[in-house]
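S.K.: Data file upload27.tsv (TSV, C-alpha atoms) is appended below.
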```
chain	number	residue	atom	x	y	z
A	986	MET	CA	-155.91	-177.85	78.32
A	987	LYS	CA	-153.07	-175.51	77.34
A	988	TYR	CA	-150.27	-176.94	75.19
A	989	TYR	CA	-146.62	-176.26	76.03
A	990	SER	CA	-144.39	-176.87	73.03
A	991	PRO	CA	-141.04	-178.66	73.44
A	992	SER	CA	-139.53	-175.71	71.55
A	993	LEU	CA	-140.01	-173.62	74.72
A	994	PHE	CA	-136.92	-175.42	76.01
A	995	ASP	CA	-134.71	-174.79	72.95
A	996	VAL	CA	-131.34	-173.12	73.32
A	997	LYS	CA	-129.65	-171.84	70.17
A	998	GLY	CA	-126.28	-173.38	69.48
A	999	LEU	CA	-126.64	-176.00	72.19
A	1000	ARG	CA	-124.84	-178.75	70.28
A	1001	ASP	CA	-121.92	-176.53	69.35
A	1002	ASN	CA	-121.59	-175.32	72.94
A	1003	ALA	CA	-122.12	-178.66	74.69
A	1004	GLU	CA	-120.86	-181.40	72.38
A	1005	ARG	CA	-117.22	-181.47	73.49
A	1006	GLN	CA	-118.06	-181.49	77.22
A	1007	VAL	CA	-120.80	-184.12	76.80
A	1008	ALA	CA	-118.48	-186.38	74.77
A	1009	LYS	CA	-115.87	-186.04	77.51
A	1010	MET	CA	-118.41	-186.88	80.25
A	1011	TYR	CA	-119.17	-190.21	78.58
A	1012	ASP	CA	-115.61	-191.03	77.46
A	1013	ASP	CA	-116.53	-190.38	73.81
A	1014	ARG	CA	-119.09	-193.22	73.92
A	1015	ASP	CA	-122.66	-193.42	72.68
A	1016	ILE	CA	-124.79	-192.89	75.78
A	1017	TYR	CA	-127.00	-195.91	74.96
A	1018	ASP	CA	-124.40	-198.17	73.31
A	1019	LYS	CA	-121.09	-198.03	75.15
A	1020	THR	CA	-119.39	-200.09	72.41
A	1021	THR	CA	-119.77	-197.21	69.94
A	1022	GLU	CA	-117.06	-194.56	69.95
A	1023	ILE	CA	-118.69	-191.29	68.92
A	1024	SER	CA	-115.55	-189.80	67.31
A	1025	THR	CA	-115.46	-192.67	64.78
A	1026	LEU	CA	-118.86	-191.67	63.35
A	1027	GLU	CA	-119.68	-188.93	60.86
A	1028	ARG	CA	-121.10	-185.80	62.52
A	1029	GLU	CA	-124.46	-186.20	60.75
A	1030	ASP	CA	-124.74	-189.74	62.15
A	1031	VAL	CA	-124.62	-188.43	65.74
A	1032	GLU	CA	-127.11	-186.21	67.56
A	1033	LEU	CA	-127.08	-184.44	70.88
A	1034	ASP	CA	-129.86	-186.16	72.81
A	1035	HIS	CA	-131.91	-184.81	75.67
A	1036	ILE	CA	-131.99	-187.90	77.90
A	1037	VAL	CA	-135.31	-186.82	79.36
A	1038	GLU	CA	-136.83	-185.56	76.12
A	1039	ARG	CA	-138.02	-181.95	75.91
A	1040	GLN	CA	-141.47	-183.33	75.14
A	1041	CYS	CA	-141.49	-185.00	78.58
A	1042	TYR	CA	-141.18	-181.57	80.15
A	1043	SER	CA	-143.96	-180.29	77.88
A	1044	TYR	CA	-146.14	-183.13	79.10
A	1045	THR	CA	-145.40	-182.34	82.76
A	1046	PHE	CA	-146.12	-178.65	82.12
A	1047	ILE	CA	-149.63	-179.52	80.96
A	1048	LYS	CA	-150.14	-181.27	84.30
A	1049	VAL	CA	-148.54	-178.46	86.33
A	1050	ALA	CA	-150.67	-175.83	84.55
A	1051	ASN	CA	-153.77	-177.60	85.88
A	1052	ARG	CA	-152.58	-176.60	89.37
A	1053	ILE	CA	-151.18	-173.13	88.60
A	1054	GLU	CA	-153.25	-170.58	86.72
A	1055	ASP	CA	-150.79	-167.69	87.06
A	1056	GLU	CA	-149.15	-167.10	83.65
A	1057	GLU	CA	-146.28	-165.21	85.26
A	1058	GLU	CA	-145.49	-168.24	87.43
A	1059	MET	CA	-145.63	-170.52	84.37
A	1060	SER	CA	-143.29	-168.15	82.53
A	1061	PHE	CA	-140.85	-168.34	85.45
A	1062	LEU	CA	-141.16	-172.13	85.46
A	1063	THR	CA	-140.47	-172.32	81.72
A	1064	GLN	CA	-137.30	-170.26	81.98
A	1065	TYR	CA	-136.10	-172.09	85.09
A	1066	THR	CA	-136.76	-175.50	83.56
A	1067	ARG	CA	-135.03	-174.61	80.29
A	1068	ASP	CA	-131.96	-173.12	81.95
A	1069	GLU	CA	-131.55	-175.23	85.10
A	1070	ILE	CA	-132.83	-178.68	84.10
A	1071	VAL	CA	-133.51	-179.48	80.45
A	1072	ASN	CA	-130.24	-178.25	78.94
A	1073	ARG	CA	-127.83	-179.14	81.72
A	1074	TYR	CA	-125.00	-181.40	80.61
A	1075	GLU	CA	-126.32	-184.13	82.90
A	1076	ASN	CA	-129.48	-184.31	80.75
A	1077	LEU	CA	-127.53	-184.51	77.50
A	1078	GLY	CA	-125.79	-187.34	75.70
A	1079	LEU	CA	-124.51	-188.18	72.25
A	1080	THR	CA	-126.07	-191.06	70.36
A	1081	ARG	CA	-126.62	-192.29	66.84
A	1082	THR	CA	-129.13	-190.21	64.90
A	1083	SER	CA	-131.26	-193.31	64.26
A	1084	THR	CA	-131.41	-194.15	67.98
A	1085	ASN	CA	-132.26	-190.59	68.96
A	1086	ARG	CA	-135.05	-190.28	66.41
A	1087	SER	CA	-136.54	-193.67	67.32
A	1088	LYS	CA	-136.39	-192.81	71.03
A	1089	GLY	CA	-138.07	-189.47	70.33
A	1090	ASN	CA	-140.84	-191.13	68.31
A	1091	ALA	CA	-141.47	-193.72	71.04
A	1092	CYS	CA	-141.56	-190.99	73.66
A	1093	TYR	CA	-143.97	-188.89	71.60
A	1094	SER	CA	-146.34	-191.85	71.10
A	1095	PHE	CA	-146.20	-192.80	74.78
A	1096	LEU	CA	-146.95	-189.24	75.94
A	1097	ASP	CA	-149.64	-188.64	73.33
A	1098	ASP	CA	-151.40	-191.87	74.26
A	1099	SER	CA	-151.06	-190.95	77.94
A	1100	LEU	CA	-152.69	-187.55	77.39
A	1101	THR	CA	-155.54	-188.95	75.32
A	1102	GLY	CA	-156.16	-191.94	77.59
A	1103	HIS	CA	-155.20	-194.51	74.95
A	1104	ARG	CA	-152.02	-195.86	76.57
A	1105	VAL	CA	-152.29	-199.55	77.35
A	1106	GLN	CA	-148.62	-200.56	77.36
A	1107	SER	CA	-145.33	-199.65	78.98
A	1108	PHE	CA	-142.79	-197.21	77.58
A	1109	THR	CA	-140.54	-200.19	76.85
A	1110	ALA	CA	-143.19	-201.56	74.46
A	1111	TYR	CA	-143.23	-198.24	72.60
A	1112	LEU	CA	-139.44	-198.50	72.19
A	1113	GLY	CA	-139.91	-202.00	70.76
A	1114	GLU	CA	-142.43	-200.67	68.25
A	1115	VAL	CA	-139.78	-198.35	66.77
A	1116	ASN	CA	-137.29	-201.22	66.47
A	1117	ILE	CA	-135.04	-200.37	69.40
A	1118	THR	CA	-133.20	-203.52	70.49
A	1119	ARG	CA	-133.81	-204.95	73.96
A	1120	ALA	CA	-130.31	-204.03	75.14
A	1121	THR	CA	-130.62	-200.45	73.91
A	1122	SER	CA	-134.15	-200.20	75.29
A	1123	LYS	CA	-132.91	-201.30	78.70
A	1124	GLU	CA	-130.12	-198.72	78.58
A	1125	ILE	CA	-132.50	-195.96	77.46
A	1126	CYS	CA	-135.00	-196.72	80.26
A	1127	ASN	CA	-132.25	-196.97	82.87
A	1128	THR	CA	-130.68	-193.68	81.77
A	1129	ILE	CA	-134.01	-191.82	81.58
A	1130	GLY	CA	-134.97	-193.16	85.01
A	1131	LYS	CA	-131.73	-192.09	86.62
A	1132	THR	CA	-131.92	-188.67	84.98
A	1133	LEU	CA	-135.53	-188.13	86.08
A	1134	LYS	CA	-134.47	-188.97	89.64
A	1135	LEU	CA	-131.58	-186.52	89.30
A	1136	ASN	CA	-134.03	-183.84	88.07
A	1137	GLN	CA	-136.15	-184.44	91.15
A	1138	ARG	CA	-133.11	-184.17	93.40
A	1139	TRP	CA	-132.26	-180.78	91.89
A	1140	LEU	CA	-135.82	-179.63	92.49
A	1141	ASP	CA	-135.85	-180.88	96.10
A	1142	ASN	CA	-133.77	-177.83	97.01
A	1143	GLU	CA	-136.41	-175.54	95.50
A	1144	SER	CA	-139.53	-176.95	97.15
A	1145	GLU	CA	-140.51	-173.61	98.71
A	1146	THR	CA	-141.55	-172.46	95.22
A	1147	PRO	CA	-144.96	-174.05	94.48
A	1148	SER	CA	-144.49	-174.38	90.71
A	1149	LEU	CA	-141.14	-176.14	91.17
A	1150	LYS	CA	-142.65	-178.48	93.74
A	1151	HIS	CA	-145.45	-179.28	91.29
A	1152	LEU	CA	-142.91	-179.92	88.53
A	1153	ARG	CA	-140.96	-182.28	90.80
A	1154	ASP	CA	-144.17	-184.15	91.62
A	1155	GLU	CA	-145.14	-184.45	87.95
A	1156	LEU	CA	-141.67	-185.71	87.03
A	1157	GLN	CA	-142.16	-188.41	89.67
A	1158	ASN	CA	-145.58	-189.25	88.20
A	1159	LEU	CA	-143.97	-189.52	84.75
A	1160	TYR	CA	-141.25	-191.81	86.16
A	1161	VAL	CA	-143.95	-194.08	87.60
A	1162	SER	CA	-146.13	-194.11	84.47
A	1163	MET	CA	-143.12	-194.94	82.28
A	1164	GLU	CA	-142.42	-197.88	84.63
A	1165	LEU	CA	-138.71	-197.06	84.82
A	1166	LYS	CA	-138.01	-198.61	88.26
A	1167	THR	CA	-134.49	-197.25	88.66
A	1168	THR	CA	-132.93	-198.33	91.93
A	1169	SER	CA	-129.90	-196.05	92.10
A	1170	TYR	CA	-128.92	-192.79	90.51
A	1171	ASP	CA	-125.98	-191.67	92.64
A	1172	SER	CA	-123.52	-193.68	90.54
A	1173	PHE	CA	-124.96	-192.13	87.37
A	1174	VAL	CA	-123.86	-188.55	88.01
A	1175	PRO	CA	-121.08	-188.16	85.42
A	1176	PHE	CA	-119.26	-185.46	87.39
A	1177	ASP	CA	-119.74	-183.39	90.50
A	1178	ILE	CA	-122.83	-181.21	90.38
```
Starting from the coordinates I provided, produce the structure as structure tokens.
M.R.:
Amino acid sequence: MKYYSPSLFDVKGLRDNAERQVAKMYDDRDIYDKTTEISTLEREDVELDHIVERQCYSYTFIKVANRIEDEEEMSFLTQYTRDEIVNRYENLGLTRTSTNRSKGNACYSFLDDSLTGHRVQSFTAYLGEVNITRATSKEICNTIGKTLKLNQRWLDNESETPSLKHLRDELQNLYVSMELKTTSYDSFVPFDI
């Protein structure tokens, strides 16, 4: 099994380039706690969050690579995913540093346990283990679910490319395994795409 590092999806200077637009998209509110005004917090207390974590894409790449053995195709998929999905404003939000780190840790544990066959609980339970409140957990799951569905919608237009179709399918599998159960994502789109 080949490992695909989340760092494959890094973009230098992303926060500096995206922060103002992302804050505007969410009316200067914390993406997971709408009562928190981002501009009232110190810069080090706020992080730019990938709603669907970069490690989620790494996880799906492991699954996609089982279907595609062509390294050139995987290289294309990496670049496409980084530029057209992972770092789009619609997959970014601003949140408290503590929330972002806890969410990242829960996501890592969930995905690691999924890969090794040790997962016996829902993603929500992993959020609880890192002391995310129920209300914040609900908001995180709802936002991730809507964003995963939005990712799939973007990829629907690219289904003639096998690797992109496989990525779309694996994002759907991730959505199901995380038990997100989002019912609507059209109202989530923060601006016209």
S.K.: What's around A:Thr1082 at 9 Å? Count only C-alpha atoms, leave out sequence neighbours fewer than 4 positions away in its own chain, and write the answer as a ChimeraX atom specification.
M.R.: /A:1029-1034,1086-1087
S.K.: Using all atoms of stretch 1049-1052 of chain A that appear in the file, construct an axis-aligned enclosing box with 4 Å of padding on every side and provide its centre coordinates and edge lengths in Å, rounded to one decimal, as JSON.
M.R.:
```
{"center_x": -151.2, "center_y": -177.1, "center_z": 87.0, "size_x": 13.2, "size_y": 10.6, "size_z": 12.8}
```
S.K.: Interatomic distance between atom CA of A:Arg1073 and atom CA of A:Cys1126?
M.R.: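 Separation of atom CA of A:Arg1073 and atom CA of A:Cys1126: 19.0 Å.
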S.K.: Hey, which of A:Ser1162, A:Ser1024, A:Asn1002, A:Thr1066 ends up closest to A:Ser1107? Count all atoms listed in the file.
M.R.: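 Using all atoms listed in the file, the shortest distance to A:Ser1107 belongs to A:Ser1162.
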S.K.: Set out as JSON lines a contact list for stretch 1014-1070 of chain A and stretch 1128-1149 of chain A with a cut-off of 7 Å, giving each residue of stretch 1014-1070 of chain A that qualifies its closest atom pair and distance in Å to one decimal, counting all atoms listed in the file, ordered by chain and rising residue number.
M.R.:
```
{"residue": "A:Ile1036", "atom": "CA", "partner": "A:Ile1129", "partner_atom": "CA", "distance": 5.7}
{"residue": "A:Val1037", "atom": "CA", "partner": "A:Ile1129", "partner_atom": "CA", "distance": 5.6}
{"residue": "A:Leu1062", "atom": "CA", "partner": "A:Ser1148", "partner_atom": "CA", "distance": 6.6}
{"residue": "A:Ile1070", "atom": "CA", "partner": "A:Asn1136", "partner_atom": "CA", "distance": 6.6}
```
S.K.: Between A:Ser1043, A:Ser1060, A:Thr1080, A:Thr1025, which has the minimum distance to A:Glu1124 (counting all atoms listed in the file)?
M.R.: A:Thr1080
S.K.: Rounded to one decimal place, report the atom CA of A:Phe1108-atom CA of A:Gly1089 distance in Å.
M.R.: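 Separating atom CA of A:Phe1108 from atom CA of A:Gly1089 is a distance of 11.6 Å.
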S.K.: Residues proximal to (-144.8, -188.3, 79.5) were defined as those with any atom within 7 Å of that point in the file's coordinates, counting only C-alpha atoms. Which are they, as number ranges by chain?
M.R.: A: 1041, 1044-1045, 1095-1096, 1099, 1159
